[in-house]
Each structure stands twice: as C-alpha cells, then as structure tokens.
>>> print(open('data08.cif').read())   # mmCIF, C-alpha atoms and all ligand atoms
data_start
#
loop_
_atom_site.label_atom_id
_atom_site.label_comp_id
_atom_site.auth_asym_id
_atom_site.auth_seq_id
_atom_site.Cartn_x
_atom_site.Cartn_y
_atom_site.Cartn_z
CA MET A 1 27.47 16.66 -18.89
CA SER A 2 31.16 15.77 -18.91
CA THR A 3 33.48 16.07 -21.91
CA PHE A 4 35.37 13.21 -23.57
CA GLU A 5 38.61 14.23 -21.85
CA GLU A 6 36.98 14.51 -18.46
CA TRP A 7 35.30 11.12 -18.44
CA ARG A 8 38.30 9.35 -20.00
CA ASN A 9 40.61 10.70 -17.31
CA ALA A 10 38.11 9.91 -14.59
CA LEU A 11 37.79 6.33 -15.82
CA THR A 12 41.56 5.89 -15.99
CA ARG A 13 41.89 7.10 -12.39
CA LEU A 14 38.98 4.93 -11.22
CA THR A 15 40.45 1.74 -12.62
CA GLY A 16 43.93 2.59 -11.22
CA PRO A 17 45.20 2.95 -7.64
CA ARG A 18 42.62 4.18 -5.09
CA GLN A 19 42.24 7.98 -5.12
CA PRO A 20 41.48 10.23 -2.14
CA THR A 21 37.72 10.36 -1.43
CA ALA A 22 37.14 13.92 -2.67
CA ARG A 23 38.79 13.09 -6.01
CA LEU A 24 36.92 9.83 -6.23
CA ARG A 25 33.57 11.52 -5.61
CA LYS A 26 34.26 14.06 -8.36
CA ASP A 27 35.24 11.34 -10.77
CA LEU A 28 32.13 9.31 -9.98
CA VAL A 29 29.92 12.32 -10.69
CA THR A 30 31.81 12.89 -13.95
CA LEU A 31 31.26 9.26 -14.95
CA LEU A 32 27.60 9.32 -13.94
CA SER A 33 27.03 12.43 -16.02
CA ALA A 34 28.78 11.23 -19.18
CA GLU A 35 25.94 10.87 -21.66
CA THR A 36 27.53 9.75 -24.91
CA ALA A 37 27.31 6.17 -26.17
CA ASP A 38 31.14 6.06 -26.22
CA ALA A 39 31.32 6.81 -22.53
CA GLY A 40 28.66 4.22 -21.71
CA GLN A 41 30.49 1.58 -23.66
CA ALA A 42 33.92 2.34 -22.20
CA ILE A 43 32.60 2.25 -18.64
CA ARG A 44 30.67 -0.95 -19.26
CA GLU A 45 33.66 -2.65 -20.83
CA ALA A 46 35.94 -1.67 -17.95
CA ALA A 47 33.38 -3.07 -15.50
CA TYR A 48 32.89 -6.27 -17.48
CA ALA A 49 36.62 -6.94 -17.62
CA ILE A 50 36.80 -6.65 -13.82
CA LYS A 51 33.81 -8.92 -13.39
CA ALA A 52 35.33 -11.51 -15.77
CA GLU A 53 38.57 -11.43 -13.81
CA HIS A 54 37.02 -11.82 -10.35
CA CYS A 55 33.76 -13.68 -10.95
CA GLY A 56 34.03 -15.18 -14.44
CA ALA A 57 31.27 -15.10 -17.07
CA VAL A 58 29.12 -17.03 -14.64
CA VAL A 59 25.75 -16.19 -13.17
CA HIS A 60 24.51 -17.47 -9.81
CA LEU A 61 20.86 -17.72 -8.94
CA ARG A 62 18.84 -16.82 -5.87
CA GLY A 63 15.33 -18.22 -6.11
CA LEU A 64 13.21 -15.38 -4.73
CA ILE A 65 10.34 -16.39 -2.45
CA GLU A 66 8.13 -13.42 -1.58
CA ILE A 67 6.61 -15.00 1.50
CA SER A 68 4.33 -12.20 2.65
CA ASN A 69 3.25 -8.68 1.73
CA LEU A 70 2.07 -7.82 5.24
CA CYS A 71 4.09 -4.77 6.24
CA VAL A 72 4.22 -2.42 9.22
CA LYS A 73 6.24 0.17 7.29
CA ASP A 74 4.80 2.97 5.21
CA CYS A 75 7.57 3.89 2.74
CA PHE A 76 6.25 6.54 0.36
CA TYR A 77 7.36 4.71 -2.80
CA CYS A 78 6.45 1.11 -2.06
CA GLY A 79 3.31 -0.65 -3.26
CA ILE A 80 2.95 -2.90 -0.22
CA ARG A 81 3.17 -0.03 2.29
CA ARG A 82 0.85 -0.38 5.26
CA SER A 83 -1.52 2.39 4.13
CA ASN A 84 -2.17 0.94 0.69
CA ARG A 85 -5.65 -0.45 1.22
CA SER A 86 -5.99 -1.79 -2.30
CA VAL A 87 -3.45 -4.56 -1.72
CA VAL A 88 -4.75 -8.07 -1.15
CA ARG A 89 -2.59 -9.13 1.79
CA TYR A 90 -1.18 -12.63 2.06
CA ASP A 91 1.09 -14.65 4.28
CA MET A 92 2.20 -17.81 2.47
CA PRO A 93 1.43 -21.02 4.31
CA ARG A 94 4.57 -22.78 5.50
CA GLU A 95 4.03 -25.72 3.13
CA ASP A 96 4.01 -23.36 0.13
CA VAL A 97 7.31 -21.78 1.18
CA LEU A 98 8.85 -25.20 1.68
CA ALA A 99 7.54 -26.31 -1.71
CA ALA A 100 9.22 -23.28 -3.32
CA ALA A 101 12.48 -24.08 -1.54
CA ASP A 102 12.22 -27.70 -2.70
CA PHE A 103 11.71 -26.44 -6.25
CA ALA A 104 14.90 -24.37 -6.00
CA ASP A 105 16.78 -27.33 -4.58
CA ALA A 106 15.49 -29.77 -7.20
CA HIS A 107 16.47 -27.37 -10.00
CA GLY A 108 19.96 -26.80 -8.64
CA TYR A 109 19.46 -23.09 -7.94
CA GLY A 110 22.02 -23.29 -5.15
CA SER A 111 20.49 -20.44 -3.14
CA ILE A 112 17.19 -18.89 -2.22
CA CYS A 113 16.22 -15.46 -0.96
CA ILE A 114 13.30 -15.18 1.41
CA GLN A 115 11.82 -11.70 1.19
CA SER A 116 8.82 -10.13 2.85
CA GLY A 117 7.20 -6.96 4.02
CA GLU A 118 8.49 -5.94 7.41
CA ARG A 119 7.11 -7.31 10.66
CA ALA A 120 8.69 -7.87 14.03
CA ASP A 121 5.96 -9.75 15.92
CA VAL A 122 6.88 -12.98 17.67
CA ARG A 123 4.88 -15.13 15.27
CA PHE A 124 6.75 -13.73 12.29
CA VAL A 125 10.17 -13.98 13.92
CA ARG A 126 9.58 -17.57 15.02
CA GLY A 127 8.03 -18.43 11.65
CA ILE A 128 11.12 -17.32 9.71
CA GLU A 129 13.40 -19.04 12.19
CA SER A 130 11.60 -22.32 11.83
CA LEU A 131 11.40 -22.04 8.03
CA VAL A 132 15.13 -21.41 7.77
CA ARG A 133 15.87 -24.31 10.11
CA GLU A 134 13.57 -26.65 8.20
CA ILE A 135 14.94 -25.68 4.76
CA THR A 136 18.51 -26.06 5.99
CA GLN A 137 17.77 -29.52 7.33
CA ARG A 138 15.67 -30.91 4.51
CA THR A 139 18.18 -29.80 1.86
CA ASN A 140 21.16 -30.86 3.93
CA ARG A 141 22.58 -27.30 3.60
CA ARG A 142 22.59 -27.54 -0.18
CA LEU A 143 20.74 -24.21 -0.44
CA GLY A 144 22.38 -20.97 0.56
CA ILE A 145 19.79 -18.83 2.36
CA THR A 146 19.55 -15.06 2.02
CA LEU A 147 17.00 -13.15 4.07
CA SER A 148 15.49 -9.81 3.12
CA CYS A 149 12.99 -9.12 5.87
CA GLY A 150 13.82 -5.58 6.92
CA GLU A 151 14.89 -4.02 10.18
CA GLN A 152 14.96 -6.32 13.19
CA LYS A 153 16.39 -6.51 16.69
CA ARG A 154 19.84 -7.96 17.29
CA ASP A 155 18.34 -11.04 18.90
CA THR A 156 16.19 -11.73 15.84
CA TYR A 157 19.12 -11.44 13.44
CA VAL A 158 21.09 -13.82 15.67
CA ARG A 159 18.27 -16.38 15.84
CA TRP A 160 17.83 -16.40 12.07
CA PHE A 161 21.59 -16.68 11.55
CA GLU A 162 21.85 -19.57 13.97
CA ALA A 163 18.96 -21.28 12.20
CA GLY A 164 21.05 -21.32 9.01
CA ALA A 165 20.63 -18.05 7.07
CA HIS A 166 23.99 -16.64 6.09
CA ARG A 167 23.30 -13.64 3.90
CA TYR A 168 21.06 -10.62 4.50
CA LEU A 169 19.95 -7.96 2.09
CA LEU A 170 18.89 -4.63 3.57
CA ARG A 171 18.90 -1.74 1.15
CA ILE A 172 19.80 1.61 2.64
CA GLU A 173 17.58 3.02 -0.18
CA THR A 174 19.72 6.18 -0.21
CA SER A 175 22.83 7.03 1.77
CA ASN A 176 21.67 10.64 2.03
CA GLU A 177 19.79 11.25 5.25
CA LYS A 178 17.80 14.17 3.92
CA LEU A 179 16.66 12.27 0.83
CA TYR A 180 15.84 9.31 3.08
CA ARG A 181 13.56 11.59 5.12
CA PHE A 182 11.85 12.78 1.94
CA LEU A 183 11.13 9.17 0.94
CA HIS A 184 9.88 7.92 4.32
CA PRO A 185 7.53 8.91 7.14
CA ALA A 186 9.11 10.61 10.16
CA ASP A 187 9.29 7.43 12.25
CA HIS A 188 11.39 5.55 9.68
CA GLY A 189 14.95 6.42 10.72
CA HIS A 190 18.02 6.40 8.54
CA ALA A 191 20.08 5.86 11.69
CA SER A 192 18.22 2.69 12.61
CA ARG A 193 18.78 1.32 9.11
CA LEU A 194 22.52 1.98 9.52
CA ARG A 195 22.46 0.32 12.93
CA CYS A 196 20.81 -2.75 11.43
CA LEU A 197 23.56 -2.99 8.81
CA ASP A 198 26.08 -2.90 11.69
CA LEU A 199 24.19 -5.59 13.59
CA LEU A 200 24.03 -7.83 10.53
CA ARG A 201 27.76 -7.58 10.01
CA ALA A 202 28.48 -8.19 13.70
CA THR A 203 26.20 -11.25 13.66
CA GLY A 204 28.27 -12.80 10.89
CA TYR A 205 26.04 -12.44 7.85
CA GLN A 206 27.35 -11.62 4.41
CA VAL A 207 25.79 -8.18 4.14
CA GLY A 208 24.11 -6.73 1.10
CA THR A 209 22.71 -3.28 0.62
CA GLY A 210 21.68 -1.02 -2.21
CA VAL A 211 19.68 1.95 -3.36
CA MET A 212 16.89 2.91 -5.71
CA VAL A 213 18.12 4.82 -8.72
CA GLY A 214 16.15 7.70 -10.18
CA VAL A 215 13.85 8.63 -7.30
CA PRO A 216 12.54 12.20 -7.43
CA SER A 217 14.96 14.77 -5.89
CA GLN A 218 17.95 12.42 -6.22
CA THR A 219 21.08 14.01 -7.69
CA LEU A 220 24.20 12.53 -9.27
CA GLU A 221 26.08 13.60 -6.14
CA HIS A 222 23.69 11.48 -4.06
CA LEU A 223 24.41 8.50 -6.31
CA ALA A 224 28.18 9.06 -6.10
CA ASP A 225 27.84 9.11 -2.32
CA ASP A 226 25.83 5.88 -2.46
CA LEU A 227 28.74 4.20 -4.25
CA LEU A 228 31.17 5.57 -1.66
CA PHE A 229 28.84 4.27 1.04
CA PHE A 230 29.15 0.72 -0.37
CA VAL A 231 32.92 1.04 -0.29
CA ASP A 232 32.96 2.54 3.18
CA ARG A 233 30.75 -0.26 4.55
CA ASP A 234 32.78 -2.85 2.66
CA VAL A 235 29.60 -4.71 1.72
CA ASP A 236 29.62 -8.20 0.24
CA MET A 237 26.57 -7.84 -2.00
CA ILE A 238 24.84 -5.02 -3.81
CA GLY A 239 21.22 -5.05 -4.90
CA MET A 240 20.10 -1.89 -6.60
CA GLY A 241 17.68 -1.05 -9.31
CA PRO A 242 15.66 1.72 -10.84
CA TYR A 243 12.83 3.39 -8.99
CA VAL A 244 9.62 2.37 -10.70
CA VAL A 245 6.45 4.37 -10.10
CA GLN A 246 3.68 2.67 -8.14
CA GLN A 247 0.57 4.76 -8.74
CA LYS A 248 -1.08 3.93 -5.43
CA THR A 249 1.71 5.40 -3.33
CA PRO A 250 2.25 9.03 -2.25
CA LEU A 251 5.52 9.26 -4.20
CA GLY A 252 3.93 7.61 -7.23
CA ALA A 253 1.03 10.05 -7.18
CA MET A 254 3.27 13.12 -6.86
CA SER A 255 6.03 11.91 -9.16
CA ARG A 256 3.99 10.99 -12.19
CA ASN A 257 5.44 14.01 -13.99
CA SER A 258 8.65 14.60 -12.11
CA VAL A 259 10.23 11.16 -12.30
CA ALA A 260 13.28 10.93 -14.57
CA ASP A 261 12.30 9.39 -17.88
CA GLN A 262 12.63 5.69 -18.40
CA GLU A 263 15.71 5.87 -20.56
CA LEU A 264 17.58 8.00 -18.04
CA ARG A 265 16.66 5.70 -15.15
CA LEU A 266 17.82 2.70 -17.16
CA ARG A 267 21.08 4.37 -18.13
CA LEU A 268 21.79 5.53 -14.58
CA SER A 269 20.97 2.13 -13.09
CA LEU A 270 23.34 0.39 -15.50
CA ARG A 271 25.98 3.03 -14.85
CA MET A 272 25.65 2.52 -11.08
CA ILE A 273 26.13 -1.23 -11.51
CA ALA A 274 29.21 -0.70 -13.68
CA LEU A 275 30.75 1.82 -11.28
CA ALA A 276 29.99 -0.39 -8.27
CA ARG A 277 31.76 -3.27 -10.05
CA ILE A 278 34.81 -1.14 -10.85
CA LEU A 279 35.00 0.15 -7.27
CA MET A 280 34.20 -3.05 -5.37
CA ARG A 281 35.62 -5.62 -7.80
CA ASP A 282 34.72 -8.98 -6.26
CA VAL A 283 31.32 -8.39 -4.62
CA ASN A 284 28.09 -9.98 -5.80
CA ILE A 285 25.87 -7.57 -7.72
CA VAL A 286 22.25 -8.34 -8.58
CA ALA A 287 20.69 -7.80 -11.99
CA ALA A 288 17.42 -6.64 -10.43
CA THR A 289 14.08 -7.73 -11.83
CA ALA A 290 13.02 -4.06 -11.84
CA MET A 291 15.57 -3.52 -14.66
CA GLN A 292 13.30 -5.53 -16.87
CA VAL A 293 10.41 -3.12 -16.34
CA LEU A 294 12.43 -0.44 -18.11
CA HIS A 295 13.78 -2.61 -20.90
CA PRO A 296 12.82 -6.09 -22.15
CA GLN A 297 16.47 -7.15 -21.84
CA GLY A 298 17.12 -5.10 -18.71
CA ARG A 299 18.62 -7.94 -16.73
CA GLU A 300 20.93 -9.04 -19.55
CA LEU A 301 22.10 -5.44 -19.90
CA ALA A 302 22.80 -5.40 -16.16
CA LEU A 303 24.90 -8.58 -16.46
CA LEU A 304 26.86 -6.96 -19.28
CA ALA A 305 27.39 -3.90 -17.08
CA GLY A 306 28.92 -5.98 -14.28
CA ALA A 307 26.14 -7.72 -12.37
CA ASN A 308 26.58 -11.46 -11.70
CA ILE A 309 23.48 -12.55 -9.76
CA VAL A 310 19.92 -13.09 -10.96
CA MET A 311 16.94 -13.66 -8.69
CA PRO A 312 14.26 -15.64 -10.52
CA VAL A 313 10.94 -15.34 -8.74
CA ILE A 314 9.81 -18.74 -7.47
CA THR A 315 6.86 -17.47 -5.46
CA SER A 316 3.83 -19.49 -6.51
CA ALA A 317 1.69 -17.85 -9.17
CA GLU A 318 -1.26 -17.11 -6.88
CA TYR A 319 0.77 -14.67 -4.73
CA ARG A 320 3.06 -13.04 -7.30
CA LYS A 321 0.73 -10.31 -8.42
CA ASP A 322 0.04 -9.24 -4.84
CA TYR A 323 3.71 -8.60 -4.12
CA ALA A 324 3.57 -5.50 -6.26
CA LEU A 325 6.30 -3.18 -4.95
CA TYR A 326 6.01 -1.23 -8.22
CA ASP A 327 3.78 -1.14 -11.29
CA GLY A 328 4.45 -3.38 -14.29
CA LYS A 329 6.19 -6.17 -12.35
CA PRO A 330 7.31 -8.67 -15.00
CA CYS A 331 6.56 -12.39 -15.06
CA VAL A 332 3.50 -12.27 -12.78
CA ASP A 333 1.68 -14.75 -14.99
CA GLU A 334 4.55 -17.20 -15.21
CA THR A 335 5.33 -20.28 -13.21
CA ALA A 336 8.67 -20.85 -11.51
CA GLU A 337 9.35 -23.51 -14.12
CA GLN A 338 8.83 -21.05 -16.99
CA CYS A 339 11.02 -18.43 -15.30
CA GLY A 340 13.85 -20.96 -14.98
CA ASN A 341 13.78 -21.94 -18.65
CA CYS A 342 13.54 -18.34 -19.77
CA LEU A 343 16.56 -17.39 -17.68
CA ASP A 344 18.76 -20.08 -19.15
CA ALA A 345 18.09 -18.69 -22.61
CA ARG A 346 18.58 -15.09 -21.52
CA VAL A 347 21.93 -15.80 -19.88
CA ALA A 348 23.12 -17.90 -22.83
CA SER A 349 22.15 -15.07 -25.22
CA ILE A 350 24.96 -12.92 -23.83
CA GLY A 351 27.53 -15.73 -23.82
CA GLU A 352 27.40 -16.44 -20.10
CA SER A 353 26.25 -19.50 -18.24
CA ILE A 354 24.46 -20.25 -15.00
CA GLU A 355 26.40 -22.24 -12.45
CA TYR A 356 23.90 -24.63 -10.92
CA GLY A 357 24.27 -26.35 -7.59
CA ALA A 358 26.56 -23.75 -6.03
CA TRP A 359 25.85 -21.23 -3.27
CA GLY A 360 27.71 -18.59 -5.24
CA ASP A 361 29.02 -16.56 -2.31
CA SER A 362 30.91 -13.47 -3.42
CA PRO A 363 34.69 -13.84 -3.59
CA HIS A 364 34.67 -10.70 -1.42
CA ALA A 365 32.85 -12.50 1.39
CA LEU A 366 35.00 -15.61 1.08
CA LYS A 367 38.17 -13.54 1.42
CA ARG A 368 36.78 -11.81 4.49
CA ARG A 369 36.08 -15.18 6.06
CA SER A 370 39.57 -16.49 5.42
CA ALA A 371 41.26 -13.23 6.47
N1 LIG B 401 10.84 -5.17 3.66
C1 LIG B 401 12.15 -5.53 3.26
C2 LIG B 401 12.31 -5.98 1.83
C3 LIG B 401 11.16 -5.81 0.89
S1 LIG B 401 11.15 -4.44 -0.17
C4 LIG B 401 13.10 -4.40 3.56
O1 LIG B 401 12.70 -3.39 4.06
O2 LIG B 401 14.28 -4.55 3.33
C5 LIG B 401 12.52 -4.72 -1.22
C6 LIG B 401 13.02 -3.52 -1.97
O3 LIG B 401 12.12 -3.12 -2.99
C7 LIG B 401 13.17 -2.26 -1.14
O4 LIG B 401 14.36 -2.28 -0.44
C8 LIG B 401 13.10 -1.15 -2.19
O5 LIG B 401 14.39 -0.70 -2.53
C9 LIG B 401 12.46 -1.83 -3.40
N2 LIG B 401 11.27 -1.05 -3.84
C10 LIG B 401 10.17 -0.76 -3.14
N3 LIG B 401 9.35 0.03 -3.87
C11 LIG B 401 9.95 0.25 -5.05
C12 LIG B 401 9.62 0.99 -6.22
N4 LIG B 401 8.49 1.70 -6.31
N5 LIG B 401 10.51 0.97 -7.25
C13 LIG B 401 11.63 0.26 -7.18
N6 LIG B 401 12.01 -0.45 -6.10
C14 LIG B 401 11.18 -0.46 -5.05
#
>>> encode(input="data08.cif", output="structure tokens", more="lines below")
Ligand code: SAH
Amino acid sequence: MSTFEEWRNALTRLTGPRQPTARLRKDLVTLLSAETADAGQAIREAAYAIKAEHCGAVVHLRGLIEISNLCVKDCFYCGIRRSNRSVVRYDMPREDVLAAADFADAHGYGSICIQSGERADVRFVRGIESLVREITQRTNRRLGITLSCGEQKRDTYVRWFEAGAHRYLLRIETSNEKLYRFLHPADHGHASRLRCLDLLRATGYQVGTGVMVGVPSQTLEHLADDLLFFVDRDVDMIGMGPYVVQQKTPLGAMSRNSVADQELRLRLSLRMIALARILMRDVNIVAATAMQVLHPQGRELALLAGANIVMPVITSAEYRKDYALYDGKPCVDETAEQCGNCLDARVASIGESIEYGAWGDSPHALKRRSA
C-alpha cells in the first residue's frame, strides 16, 4: 500500500507532462495500490475533470446485440466457451438482429455493437457482412456500427469494414503473455491477438481493446502494464471490466476461493478506468455491464471515474440469459425498452445526460482521422 505522499506525488506527475515509461509504470502501481478513500477520491476527481474537458458530461450509447453464443474458442474464464455443454446455443435469426438494430435507430441510440462468440466459417463471415450492409442501408448510415466478433483473417476484417462497420472491439484480456497463457488453452495465442489488433488498425477501424480486472494470478504490475499497453497501441476505445466468476468454467471452478473479493475487484476496475482516462484523455471508455454485477450502481460509478460510454443490451429477451459470459448477468429479464428507460434515469442521477442520435466517436479517433 502506498503512503499519502507517494500517491499524491504520483498523481501530480501523472496529470503533468509525460514521464519516462519506467517512472510512469512505478507511479501507476503506486496509484493502483493506494487504498484510502482520500486517494480514491483524488484520482477519480482528476479523471473526471479530464473527461469533462475532452468529452463533456455526456454519455453515448451502443445498443449491444449479442447475436450468437456459438463459439470455437475455449477461454478458461468464459461461460460460452466451446466445452461448456450446459449452454443452450443460439444463433439469432437475421430478422431478429435487424429488429434490434431498428429499435436502436428508432430510439436514437446512435450506435450499435454486434457481439458474438467467435467463429470464422464462411456462413458466419458472410452473415455478418450482409447484416452490416443491410443495417447501414436501412438506417441510411444513422447508426454507427461496432463489431466485437473476435479474431479474424485480414480479408474478413476488410469485408466487414467495407460493408459499413467502423469500430472494432477486441480485448487483449491481459497484456502479459504469461498470464494470457494461464487464462487460455495452448492454441489461443497472445501473438495472434496482437496481430489482429494491428490488422484492425491497418484496415481503418477505430480500435478498442481492454482487459479483465481481478483475474486470479493478476498483479498490480500486470494492470500497470495493461494501461501502458493502451498508450503504446494508441487505442481509440477501451472496454474493460471486472472478472466475474462463471462457475461452469475451469477458472471459475478453481478460483472460487482465490478470486479477489468483490470490493477489491470493484475498486481496481474503477481505478483502472480513472487511470486510463488520465493517461489517454480523449478516448472512449465503456462503463461495462459487468460493473453492475459487483455494485448496483456500478455503471454510474464507472461514469464518475471517467467512463463515457454505456452499452445497453438490446438483445431480445429470449436470448439474453443464454449469453452468460459470467454469473449474475444483470437485466436478463428486462426488455430493451425497460433498459433504455432505466439508463436515462441512471445517467441523470449523476448529473450527466445521454446524447441521442449521435455516433459518439471518440475525439481521439476523430483527431487521428483529421491528422
Ligand atoms: N468473442 C469475442 C467477444 C465476446 S466475449 C471476442 O473474443 O472478442 C466479450 C468479452 O467478455 C471478452 O473479451 C472477455 O473480456 C469478457 N468476459 C468473458 N468471460 C468473462 C468473465 N467470466 N468475467 C468478466 N468478463 C468476461
């Protein structure tokens, strides 16, 4: 744990001119390890001021459509991993996905995010391509389209981009190769994930990445390196959230007793958001739904710590419960309509407002485009 002097000095340096990497890493660890309420508040306030300056007190939405839980991957922590036989698998019919997109459009959400388990078969690739094309056309490009469909070939990323998707979210999960290996089977390569992030950038997408916070064996140094990774990659969007146990996974089964307690995972997740905001300034940062598993106001707390994007689930009710990446997923019994109303109230409760009808690209990405 760091002392008052240590974290104060670290925060002053972090909000000032850019420090050499070794210094920065030390300071990030100091700030991650500061446990007092004072420290939490000072870091949050510094992050919020930066968010207010670059993004305003404005939230942008991404209507999240979880189009399928079919997955060829077998990540040790994830509920929809291939080997989990207790999952009822689904692949949303095209009309249902289009209906969800129409809902987002009609309610002025401005953007959607199409997410799924990972597949690379031709049917899947063509299916996404045609969905993106259709949504782009029928909404006359009113909806920004983010994809979050895992690792793909260059050609696939290009096809989806040309069809009209312009943002892609691919979490690195952890920037530490050894920890990555601990969390995944041997054939899931950290290097291929990095290559995909390169391909996405080269294709022209606004690129988002992120990590899970509080996985077993993760250290504060790992988290500091994750933040430096975001800076190094100069990402446009960050989506990170707490690790939440899923009992029917290998990591869930082994980590029942070793996972950091809920309060610590919440605190570290909020701290990561705040530090990412201070470091990256004008990127988009998601207040992840998983935050709400740890605290009833988890997403509002994330907004107050520097996040500026919320992803209301607009997947139709019949599929929601089957897209169970982790246990205790909130809002599984709610309709998209209910989620929308609830969000308005939540955002207003912290004195912010939702900007409807706008794509809400990060200022960071817009600057890159005009550079
Ligand atoms: N298949 C896609 C996206 C779907 S998974 C891909 O690979 O990018 C979306 C995210 O859910 C993952 O990146 C992971 O960070 C998160 N996730 C999976 N299991 C989780 C768990 N148990 N707790 C918290 N987040 C989890």
>>> residues_near_ligand(input="data08.cif", ligand="ligand LIG 401 (chain B)", cutoff="6 Å", atoms="only C-alpha atoms and all ligand atoms", output="list of chain:residue names")
A:Tyr77, A:Cys78, A:Gln115, A:Ser116, A:Gly117, A:Glu118, A:Ser148, A:Cys149, A:Gly150, A:Leu170, A:Arg171, A:Glu173, A:Val211, A:Met212, A:Pro242, A:Tyr243, A:Val244, A:Val245, A:Gln246, A:Leu325, A:Tyr326
>>> atom_distance(input="data08.cif", atom1="atom CA of A:Ile314", atom2="atom CA of A:Trp359")
16.8 Å
>>> residues_around(input="data08.cif", residues="stretch 47-52 of chain A", least_positions_apart="3", cutoff="7 Å", atoms="only C-alpha atoms", output="PyMOL selection string")
chain A and resi 43-44+55-57+274-275+277-278+281+304-306
>>> closest_residue(input="data08.cif", among="A:Leu301, A:Val293, A:Leu14, A:Val72", to="A:Pro185", atoms="only C-alpha atoms")
A:Val72
>>> atom_distance(input="data08.cif", atom1="atom CA of A:Leu147", atom2="atom CA of A:His166")
8.1 Å
>>> residues_around(input="data08.cif", residues="stretch 83-95 of chain A", least_positions_apart="3", cutoff="8 Å", atoms="only C-alpha atoms", output="number ranges by chain")
A: 67-70, 74, 79-80, 98-99, 131, 248-249, 319, 322
>>> residues_around(input="data08.cif", residues="stretch 255-257 of chain A", least_positions_apart="2", cutoff="10 Å", atoms="all atoms listed in the file", output="JSON, numbers by chain")
{"A": [77, 215, 216, 217, 245, 246, 247, 249, 250, 251, 252, 253, 259, 260, 261]}
>>> atom_distance(input="data08.cif", atom1="atom CA of A:Gly144", atom2="atom CA of A:Ser175")
28.0 Å
>>> axis_aligned_box(input="data08.cif", around="stretch 180-188 of chain A", padding_each_side="5 Å", output="JSON")
{"center_x": 11.7, "center_y": 9.2, "center_z": 6.6, "size_x": 18.3, "size_y": 17.2, "size_z": 21.3}
>>> residues_around(input="data08.cif", residues="A:Asn308", least_positions_apart="4", cutoff="7 Å", atoms="only C-alpha atoms", output="list in words")
Val58, Val59, His60, Asn284, Ile285, Val286, Ala287 and Leu303 of chain A
>>> residues_around(input="data08.cif", residues="A:Asp102", least_positions_apart="5", cutoff="9 Å", atoms="all atoms listed in the file", output="PyMOL selection string")
chain A and resi 97+107+135+138-139
>>> closest_residue(input="data08.cif", among="A:Val158, A:Ala101, A:Asn140, A:Pro330", to="A:Val125", atoms="only C-alpha atoms")
A:Val158
>>> closest_residue(input="data08.cif", among="A:Ser349, A:Ser111, A:Ser258, A:Gln292", to="A:Asp361", atoms="only C-alpha atoms")
A:Ser111
>>> closest_residue(input="data08.cif", among="A:Arg299, A:Arg201, A:Arg119, A:His190", to="A:Gly241", atoms="all atoms listed in the file")
A:Arg299
>>> closest_residue(input="data08.cif", among="A:Gln152, A:Asp121, A:Trp160, A:Glu334", to="A:Arg133", atoms="all atoms listed in the file")
A:Trp160
>>> closest_residue(input="data08.cif", among="A:Leu194, A:Ile114, A:Ile172, A:Ala365", to="A:Val235", atoms="all atoms listed in the file")
A:Ala365
>>> decode(input="data08.cif", residues="stretch 126-139 of chain A", atoms="N, CA and C atoms", output="PDB file, in the first residue's frame")
ATOM      1  N   ARG A 126     -19.981 -14.268 -43.955  1.00  0.00           N
ATOM      2  CA  ARG A 126     -20.928 -13.654 -44.914  1.00  0.00           C
ATOM      3  C   ARG A 126     -22.143 -13.080 -44.185  1.00  0.00           C
ATOM      4  N   GLY A 127     -22.589 -13.807 -43.166  1.00  0.00           N
ATOM      5  CA  GLY A 127     -23.775 -13.373 -42.405  1.00  0.00           C
ATOM      6  C   GLY A 127     -23.555 -11.999 -41.787  1.00  0.00           C
ATOM      7  N   ILE A 128     -22.402 -11.815 -41.137  1.00  0.00           N
ATOM      8  CA  ILE A 128     -22.097 -10.520 -40.510  1.00  0.00           C
ATOM      9  C   ILE A 128     -22.000  -9.436 -41.589  1.00  0.00           C
ATOM     10  N   GLU A 129     -21.320  -9.788 -42.673  1.00  0.00           N
ATOM     11  CA  GLU A 129     -21.131  -8.816 -43.750  1.00  0.00           C
ATOM     12  C   GLU A 129     -22.491  -8.328 -44.267  1.00  0.00           C
ATOM     13  N   SER A 130     -23.392  -9.282 -44.470  1.00  0.00           N
ATOM     14  CA  SER A 130     -24.666  -8.875 -45.036  1.00  0.00           C
ATOM     15  C   SER A 130     -25.522  -8.130 -44.006  1.00  0.00           C
ATOM     16  N   LEU A 131     -25.414  -8.500 -42.742  1.00  0.00           N
ATOM     17  CA  LEU A 131     -26.128  -7.761 -41.693  1.00  0.00           C
ATOM     18  C   LEU A 131     -25.655  -6.312 -41.633  1.00  0.00           C
ATOM     19  N   VAL A 132     -24.339  -6.146 -41.620  1.00  0.00           N
ATOM     20  CA  VAL A 132     -23.774  -4.792 -41.527  1.00  0.00           C
ATOM     21  C   VAL A 132     -24.218  -3.958 -42.721  1.00  0.00           C
ATOM     22  N   ARG A 133     -24.170  -4.584 -43.911  1.00  0.00           N
ATOM     23  CA  ARG A 133     -24.567  -3.861 -45.122  1.00  0.00           C
ATOM     24  C   ARG A 133     -26.043  -3.446 -45.047  1.00  0.00           C
ATOM     25  N   GLU A 134     -26.866  -4.399 -44.618  1.00  0.00           N
ATOM     26  CA  GLU A 134     -28.307  -4.145 -44.548  1.00  0.00           C
ATOM     27  C   GLU A 134     -28.625  -3.044 -43.518  1.00  0.00           C
ATOM     28  N   ILE A 135     -27.993  -3.127 -42.345  1.00  0.00           N
ATOM     29  CA  ILE A 135     -28.271  -2.126 -41.303  1.00  0.00           C
ATOM     30  C   ILE A 135     -27.814  -0.740 -41.761  1.00  0.00           C
ATOM     31  N   THR A 136     -26.644  -0.705 -42.405  1.00  0.00           N
ATOM     32  CA  THR A 136     -26.134   0.568 -42.910  1.00  0.00           C
ATOM     33  C   THR A 136     -27.125   1.186 -43.898  1.00  0.00           C
ATOM     34  N   GLN A 137     -27.632   0.329 -44.794  1.00  0.00           N
ATOM     35  CA  GLN A 137     -28.546   0.850 -45.815  1.00  0.00           C
ATOM     36  C   GLN A 137     -29.886   1.266 -45.233  1.00  0.00           C
ATOM     37  N   ARG A 138     -30.479   0.361 -44.424  1.00  0.00           N
ATOM     38  CA  ARG A 138     -31.842   0.683 -43.991  1.00  0.00           C
ATOM     39  C   ARG A 138     -31.895   1.847 -43.021  1.00  0.00           C
ATOM     40  N   THR A 139     -30.766   2.158 -42.357  1.00  0.00           N
ATOM     41  CA  THR A 139     -30.774   3.309 -41.442  1.00  0.00           C
ATOM     42  C   THR A 139     -30.091   4.518 -42.087  1.00  0.00           C
TER      43      THR A 139
END
